[in-house]
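Written out below as structure tokens is the structure these notes cover.
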Amino acid sequence: MKLAFALATSSDAPALAALQTAAADDLTRRYGHGFWSSVTTERGVIANMRYAKVLLARKGRTIAGTLRLANKKPWAIDVGYFTPVKKAIYLTGMAVLPNLQRQGIGRLLLEEAVAQARLWPADAIRLDAFDAAAGAGGFYASCGFRDVAHVVYKGDPLIYFELVLS
């Protein structure tokens, strides 16, 4: 699959907000309302760009997928469960357009995230995924991320994953 990767700019905000909302709506249609049900706004996307690298994957002119890489630990992550490293980055907000899922875009986006993390430089990528049918735990495990803990944070069942970079 031919994809182009880039860091998002503010001009990408409308398409990124639409992509993330479409992914959340798709999960809600398939699994019912849950932790994953949300609407992403352009303002929210732009705010995320201030605190994280927002990576996008383009298939032609379409933004097919996205994720964020940040230095700052997300609120739901307890670092005590992870391998001690000098520098970890955190992967959040990963989404692929519903009509383009299961085509390898997510896997290629994660491979690009690993390449970006190595340039950062970082020693590990950490993330949390919903521990529910709508969660992506199986996907992250199949991409080489290690399941390090199952926790409940503010009522949300989560799986912590990490990928230690050599």
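By convention in this document, the chains of the structure tokens carry letters A, B, ... by their order, each chain's residues are numbered from 1, and ligands are numbered from 1 in the order they are shown.
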For this session: Within 9 Å of stretch 105-110 of chain A, counting only C-alpha atoms, which residues show up once you throw out same-chain ones fewer than 3 positions away? Write them as a PyMOL selection string, please.
Result: chain A and resi 1+3+5+55-57+64-67+94-96+100-102+113-115+139-140+143
For this session: Could you pull out the residues in stretch 2-161 of chain A that DSSP calls strand (DSSP E) from the backbone, as a ChimeraX atom specification?
Result: /A:4-7,53-59,62-70,88-96,124-130,146-153,156-161
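Atom pair atom CA of A:Ala23 / atom CA of A:Thr92: separated by 14.0 Å.
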Exercise. Of the residues A:Phe161, A:Ala88, A:Arg50, A:Lys2, which is the one nearest to A:Asp128, using only C-alpha atoms?
Worked result: A:Phe161
For this session: Using only C-alpha atoms, determine which residues lie at most 12 Å from A:Gly93, disregarding the query and same-chain residues fewer than 2 positions distant; provide the list as an MDAnalysis selection string.
Result: chainID A and resid 16:17 19:21 23:24 36 38 40 44:45 48:49 52:56 65:70 74 90:91 95:96 106 127:130 136
For this session: Determine which residues of chain A receive a DSSP assignment of alpha helix (DSSP H), computed from the backbone, and state them as a ChimeraX atom specification.
Result: /A:13-31,42-51,105-119,137-142
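Going from atom CA of A:Pro121 over to atom CA of A:Val164, you cover 12.2 Å.
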For this session: Name all residues at most 12 Å from A:Ala132 (count only C-alpha atoms; drop same-chain ones fewer than 4 positions away) and give them as a ChimeraX atom specification.
Result: /A:27,31-36,136-138,150,152,156-159
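Between atom CA of A:Ala22 and atom CA of A:Ile46 the separation is 17.7 Å.
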